[in-house]
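Structure file coords37.csv with CSV, C-alpha atoms:
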```
chain,number,residue,atom,x,y,z
A,1,MET,CA,0.0,0.0,0.0
A,2,ARG,CA,3.0,2.3,0.3
A,3,GLY,CA,2.9,5.4,-1.9
A,4,LYS,CA,-0.9,5.2,-2.6
A,5,ASN,CA,-3.6,7.0,-0.8
A,6,ILE,CA,-5.5,5.1,1.8
A,7,VAL,CA,-9.3,5.7,1.8
A,8,LEU,CA,-11.2,4.7,5.0
A,9,ILE,CA,-14.8,3.8,4.7
A,10,GLY,CA,-17.3,2.5,7.3
A,11,MET,CA,-20.2,3.4,9.6
A,12,PRO,CA,-20.4,6.6,11.5
A,13,GLY,CA,-18.6,6.1,14.9
A,14,VAL,CA,-16.3,3.4,13.7
A,15,GLY,CA,-13.3,5.7,14.1
A,16,LYS,CA,-12.4,6.7,10.5
A,17,SER,CA,-11.2,10.1,11.4
A,18,THR,CA,-9.3,9.1,14.6
A,19,VAL,CA,-7.7,6.1,12.9
A,20,GLY,CA,-6.9,8.3,9.9
A,21,VAL,CA,-5.0,10.9,11.8
A,22,VAL,CA,-2.9,8.3,13.7
A,23,LEU,CA,-2.3,6.2,10.5
A,24,ALA,CA,-1.2,9.3,8.6
A,25,LYS,CA,1.3,10.2,11.3
A,26,LYS,CA,2.7,6.6,11.4
A,27,LEU,CA,3.1,6.5,7.6
A,28,GLY,CA,4.3,10.1,7.2
A,29,TYR,CA,1.2,10.8,5.0
A,30,ALA,CA,-1.1,13.8,4.9
A,31,PHE,CA,-4.6,13.5,6.3
A,32,VAL,CA,-7.9,14.6,4.7
A,33,ASP,CA,-11.3,14.3,6.4
A,34,ALA,CA,-13.9,14.5,3.7
A,35,ASP,CA,-16.6,15.7,6.2
A,36,LEU,CA,-14.4,18.6,7.2
A,37,VAL,CA,-13.8,19.5,3.5
A,38,ILE,CA,-17.6,19.6,3.0
A,39,GLN,CA,-18.1,21.8,6.1
A,40,SER,CA,-15.3,24.1,5.0
A,41,ARG,CA,-16.6,24.5,1.4
A,42,GLU,CA,-20.2,25.1,2.6
A,43,GLY,CA,-19.3,27.2,5.7
A,44,ARG,CA,-21.8,25.2,7.8
A,45,LEU,CA,-21.9,22.0,9.9
A,46,LEU,CA,-23.0,18.7,8.4
A,47,HIS,CA,-26.3,18.6,10.2
A,48,GLU,CA,-27.1,22.1,9.0
A,49,ILE,CA,-26.3,21.2,5.4
A,50,ILE,CA,-28.5,18.0,5.6
A,51,ALA,CA,-31.3,20.1,7.1
A,52,GLU,CA,-31.1,22.6,4.3
A,53,ARG,CA,-30.4,20.2,1.3
A,54,GLY,CA,-32.1,17.0,2.5
A,55,VAL,CA,-30.4,13.6,2.6
A,56,GLU,CA,-30.1,13.1,-1.1
A,57,GLY,CA,-28.9,16.7,-1.7
A,58,PHE,CA,-26.2,16.1,0.9
A,59,TRP,CA,-25.2,12.8,-0.8
A,60,ARG,CA,-24.8,14.7,-4.2
A,61,LEU,CA,-22.6,17.2,-2.4
A,62,GLU,CA,-20.6,14.5,-0.7
A,63,GLU,CA,-20.1,12.7,-4.0
A,64,ALA,CA,-18.9,15.9,-5.8
A,65,VAL,CA,-16.5,16.6,-3.0
A,66,GLY,CA,-15.2,13.0,-3.0
A,67,GLU,CA,-14.6,13.2,-6.8
A,68,SER,CA,-12.7,16.4,-6.4
A,69,ILE,CA,-10.1,15.1,-3.9
A,70,GLU,CA,-6.8,14.8,-5.7
A,71,THR,CA,-4.0,13.8,-3.4
A,72,GLU,CA,-1.0,11.5,-3.1
A,73,ARG,CA,0.3,9.7,0.0
A,74,THR,CA,-2.7,10.8,2.0
A,75,VAL,CA,-5.1,9.0,4.4
A,76,ILE,CA,-8.6,10.1,3.5
A,77,ALA,CA,-11.4,9.6,6.0
A,78,THR,CA,-14.7,9.6,4.1
A,79,GLY,CA,-18.1,10.3,5.6
A,80,GLY,CA,-20.2,7.2,6.4
A,81,SER,CA,-22.5,7.8,3.5
A,82,ALA,CA,-19.8,8.2,0.9
A,83,VAL,CA,-20.6,4.7,-0.4
A,84,TYR,CA,-23.9,6.1,-1.9
A,85,GLY,CA,-21.8,8.0,-4.5
A,86,GLU,CA,-20.7,5.6,-7.2
A,87,LYS,CA,-18.6,8.2,-9.0
A,88,ALA,CA,-16.8,9.2,-5.8
A,89,MET,CA,-16.2,5.6,-4.8
A,90,ALA,CA,-14.8,4.8,-8.3
A,91,HIS,CA,-12.5,7.8,-7.9
A,92,TYR,CA,-11.4,6.7,-4.5
A,93,LYS,CA,-10.6,3.2,-5.8
A,94,ARG,CA,-8.6,4.8,-8.7
A,95,ILE,CA,-6.5,7.0,-6.4
A,96,GLY,CA,-6.0,4.6,-3.5
A,97,THR,CA,-6.7,1.5,-1.5
A,98,VAL,CA,-10.1,1.5,0.1
A,99,VAL,CA,-10.1,0.1,3.7
A,100,TYR,CA,-13.4,-0.8,5.3
A,101,LEU,CA,-13.3,-0.4,9.1
A,102,SER,CA,-15.9,-3.0,10.2
A,103,LEU,CA,-17.6,-3.0,13.5
A,104,PRO,CA,-20.8,-4.9,14.6
A,105,LEU,CA,-23.9,-2.9,15.1
A,106,GLU,CA,-23.7,-3.0,18.9
A,107,GLY,CA,-20.3,-1.5,18.8
A,108,ILE,CA,-21.5,1.3,16.6
A,109,ARG,CA,-24.5,1.9,18.8
A,110,GLU,CA,-22.2,2.2,21.9
A,111,ARG,CA,-20.0,4.8,20.2
A,112,LEU,CA,-22.6,7.0,18.6
A,113,GLY,CA,-24.4,9.8,20.4
A,114,ASP,CA,-27.1,11.9,18.8
A,115,LEU,CA,-27.2,10.7,15.1
A,116,THR,CA,-28.7,14.0,13.9
A,117,GLU,CA,-26.1,16.2,15.6
A,118,ARG,CA,-23.3,14.0,14.1
A,119,GLY,CA,-24.6,14.7,10.6
A,120,VAL,CA,-25.7,11.1,10.0
A,121,THR,CA,-27.9,10.9,6.9
A,122,LEU,CA,-31.0,8.9,7.8
A,123,LYS,CA,-33.9,8.5,5.4
A,124,GLU,CA,-37.5,9.3,6.7
A,125,GLY,CA,-38.4,6.6,9.3
A,126,GLN,CA,-34.9,5.0,9.2
A,127,ASP,CA,-33.1,4.0,12.4
A,128,LEU,CA,-29.5,2.9,13.1
A,129,ASP,CA,-30.4,-0.7,12.6
A,130,GLY,CA,-31.9,-0.1,9.1
A,131,LEU,CA,-28.9,2.1,8.2
A,132,TYR,CA,-26.5,-0.6,9.2
A,133,VAL,CA,-28.3,-3.3,7.1
A,134,GLU,CA,-28.5,-0.9,4.1
A,135,ARG,CA,-24.8,0.1,4.1
A,136,GLN,CA,-23.1,-3.1,5.0
A,137,PRO,CA,-23.2,-4.6,1.5
A,138,LEU,CA,-22.0,-1.2,0.0
A,139,TYR,CA,-19.0,-1.1,2.3
A,140,GLU,CA,-18.1,-4.7,1.4
A,141,ARG,CA,-18.6,-4.1,-2.3
A,142,TYR,CA,-16.1,-1.1,-2.4
A,143,ALA,CA,-13.5,-2.4,0.1
A,144,ASP,CA,-10.1,-3.5,-1.1
A,145,VAL,CA,-9.3,-4.5,2.4
A,146,THR,CA,-11.5,-5.1,5.5
A,147,VAL,CA,-10.3,-4.6,9.0
A,148,ASP,CA,-12.5,-6.0,11.8
A,149,CYS,CA,-12.2,-3.4,14.5
A,150,GLU,CA,-14.1,-5.2,17.2
A,151,GLU,CA,-12.0,-5.3,20.5
A,152,LEU,CA,-9.1,-3.6,18.8
A,153,SER,CA,-7.5,-0.4,20.1
A,154,ILE,CA,-6.8,2.5,17.7
A,155,ARG,CA,-3.1,1.6,17.7
A,156,GLU,CA,-3.9,-2.1,16.8
A,157,ILE,CA,-6.2,-1.0,13.9
A,158,VAL,CA,-3.5,1.4,12.6
A,159,GLU,CA,-0.9,-1.4,12.9
A,160,LYS,CA,-3.1,-3.8,10.9
A,161,ILE,CA,-3.6,-1.3,8.1
A,162,ALA,CA,0.0,-0.3,8.0
A,163,ALA,CA,1.0,-3.9,7.6
A,164,PHE,CA,-0.9,-4.2,4.2
```
Is it possible to express this structure as structure tokens?
Amino acid sequence: MRGKNIVLIGMPGVGKSTVGVVLAKKLGYAFVDADLVIQSREGRLLHEIIAERGVEGFWRLEEAVGESIETERTVIATGGSAVYGEKAMAHYKRIGTVVYLSLPLEGIRERLGDLTERGVTLKEGQDLDGLYVERQPLYERYADVTVDCEELSIREIVEKIAAF
């Protein structure tokens, strides 16, 4: 994996941003958090953007931002809903290795606070369980590498990824 970008995907709360920062430091890579890029470009927080544009409007924005990221030797932490953007995911796969940080639903539930405040895109009437079931196959489809994060520390997850 040396020299290529590393693109982290997975459910909200799995630790993409935290793992990404530590991994980037370990490898001497830059770090980009796609959610922060979106917030910076829009001048608003994720949940404010979602409230204004709606879930699907946010997904279109997230896809456009993902497609625009051009980097080398960078760890990219995507938003949890990045996998809804086929063009962005194809771009990520072209520019790097896509690593799925996997965690069982109960682990996700323990880590997440208020889903709305975190900027999690839920469709009308959808809960965390439904979101998990919907996204799992998408994460698996796009992943070049899957890391099971259950019962692993941040350091152990970083070591696993760095070993690829």
Using only C-alpha atoms, find each residue of range 25-115 of chain A with at least one atom at most 10 Å away from an atom of range 128-136 of chain A; report its shortest atom-to-atom pair and that distance in Å (one decimal), sort the rows by chain and rising residue number, and return the result as JSON lines.
```
{"residue": "A:Gly80", "atom": "CA", "partner": "A:Arg135", "partner_atom": "CA", "distance": 8.8}
{"residue": "A:Ser81", "atom": "CA", "partner": "A:Arg135", "partner_atom": "CA", "distance": 8.1}
{"residue": "A:Val83", "atom": "CA", "partner": "A:Arg135", "partner_atom": "CA", "distance": 7.7}
{"residue": "A:Tyr84", "atom": "CA", "partner": "A:Arg135", "partner_atom": "CA", "distance": 8.5}
{"residue": "A:Tyr100", "atom": "CA", "partner": "A:Gln136", "partner_atom": "CA", "distance": 10.0}
{"residue": "A:Ser102", "atom": "CA", "partner": "A:Gln136", "partner_atom": "CA", "distance": 8.9}
{"residue": "A:Pro104", "atom": "CA", "partner": "A:Tyr132", "partner_atom": "CA", "distance": 9.0}
{"residue": "A:Leu105", "atom": "CA", "partner": "A:Tyr132", "partner_atom": "CA", "distance": 6.8}
{"residue": "A:Glu106", "atom": "CA", "partner": "A:Asp129", "partner_atom": "CA", "distance": 9.5}
{"residue": "A:Ile108", "atom": "CA", "partner": "A:Leu128", "partner_atom": "CA", "distance": 8.9}
{"residue": "A:Arg109", "atom": "CA", "partner": "A:Leu128", "partner_atom": "CA", "distance": 7.6}
{"residue": "A:Leu112", "atom": "CA", "partner": "A:Leu128", "partner_atom": "CA", "distance": 9.7}
{"residue": "A:Leu115", "atom": "CA", "partner": "A:Leu128", "partner_atom": "CA", "distance": 8.4}
```
Which one is closest to Leu122 in chain A: A:Val14, A:His47, A:Tyr29, A:Ala34? Count only C-alpha atoms.
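Checking each of A:Val14, A:His47, A:Tyr29, A:Ala34 against Leu122 in chain A, counting only C-alpha atoms, the winner is A:His47.
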Mind listing as a PDB file with C-alpha atoms, keeping the file's coordinate frame all residues within 12 Å of (-13.3, -5.8, -1.9), counting all atoms listed in the file?
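The new file part11.pdb reads:
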```
ATOM      1  CA  ILE A   9     -14.800   3.800   4.700  1.00  0.00           C
ATOM      2  CA  LYS A  93     -10.600   3.200  -5.800  1.00  0.00           C
ATOM      3  CA  THR A  97      -6.700   1.500  -1.500  1.00  0.00           C
ATOM      4  CA  VAL A  98     -10.100   1.500   0.100  1.00  0.00           C
ATOM      5  CA  VAL A  99     -10.100   0.100   3.700  1.00  0.00           C
ATOM      6  CA  TYR A 100     -13.400  -0.800   5.300  1.00  0.00           C
ATOM      7  CA  PRO A 137     -23.200  -4.600   1.500  1.00  0.00           C
ATOM      8  CA  LEU A 138     -22.000  -1.200   0.000  1.00  0.00           C
ATOM      9  CA  TYR A 139     -19.000  -1.100   2.300  1.00  0.00           C
ATOM     10  CA  GLU A 140     -18.100  -4.700   1.400  1.00  0.00           C
ATOM     11  CA  ARG A 141     -18.600  -4.100  -2.300  1.00  0.00           C
ATOM     12  CA  TYR A 142     -16.100  -1.100  -2.400  1.00  0.00           C
ATOM     13  CA  ALA A 143     -13.500  -2.400   0.100  1.00  0.00           C
ATOM     14  CA  ASP A 144     -10.100  -3.500  -1.100  1.00  0.00           C
ATOM     15  CA  VAL A 145      -9.300  -4.500   2.400  1.00  0.00           C
ATOM     16  CA  THR A 146     -11.500  -5.100   5.500  1.00  0.00           C
ATOM     17  CA  VAL A 147     -10.300  -4.600   9.000  1.00  0.00           C
TER      18      VAL A 147
END
```
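With all atoms listed in the file as the basis for measurement, A:Val55 is the residue among A:Val22, A:Val32, A:Leu46, A:Val55 that approaches Thr121 in chain A most closely.
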Taking only C-alpha atoms into account, which of A:Ser40, A:Gly13, A:Ile69, A:Lys160 comes nearest Glu110 in chain A?
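Using only C-alpha atoms, the shortest distance to Glu110 in chain A belongs to A:Gly13.
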